[in-house]
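Some notes on the structure that comes next.
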Amino acid sequence: MIEIATGKQFEENRKEKHSKNARLRWYRYVSRFALPVYDDYGEVERYNVFCALMLVRHARDGKLYLYDIIEIKKETRNLFRSGDLTQ
């Protein structure tokens, strides 16, 4: 989810306590993921696609760490049927 994230946006520290942990700054990213929906026989019927807004902190060690998933919304325009992915 993090590797395919897009839409990197800078985010200011909102609390003084974060100055220590996220000294280099915060970023917001948008990512998408899908979860399978199974029918009564255990076969994948379709996939529900979701869009997530993630808060990532840039730490002193130079690495990016997922801090929180702020928002998750189900996308209704991209409902994939099981056969759609194999054709």
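Chains: A, B, ... in order of the structure tokens. Residues: from 1 per chain. Ligands: from 1, in order shown.
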
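Residues in contact with Pro36 in chain A at 7 Å, where only C-alpha atoms are counted and same-chain residues fewer than 6 positions away are skipped, are listed as Val44, Arg46, Tyr47 and Asn48 of chain A.
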
Would you save the residues of that selection, restricted to C-alpha atoms, as a PDB file, in the first residue's frame?
```pdb
ATOM      1  CA  VAL A  44     -14.022 -14.761  -5.329  1.00  0.00           C
ATOM      2  CA  ARG A  46     -15.676  -9.450  -6.931  1.00  0.00           C
ATOM      3  CA  TYR A  47     -13.221  -7.032  -5.384  1.00  0.00           C
ATOM      4  CA  ASN A  48     -14.145  -3.968  -3.378  1.00  0.00           C
TER       5      ASN A  48
END
```

Hey, what's within 6 Å of range 51-67 of chain A if we count only C-alpha atoms and toss same-chain stuff fewer than 4 positions away? As a PyMOL selection string, please? chain A and resi 22+24-32+71-73

Expressed in Å to a single decimal, how great is the separation between CA of Ile70 in chain A and CA of Glu11 in chain A? 13.0 Å

Could you tell me which of A:Asp40, A:Leu35, A:Ile69, A:Glu45 comes closest to Ile2 in chain A if we count only C-alpha atoms?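 Looking at the shortest contact to Ile2 in chain A, the residue is A:Ile69.
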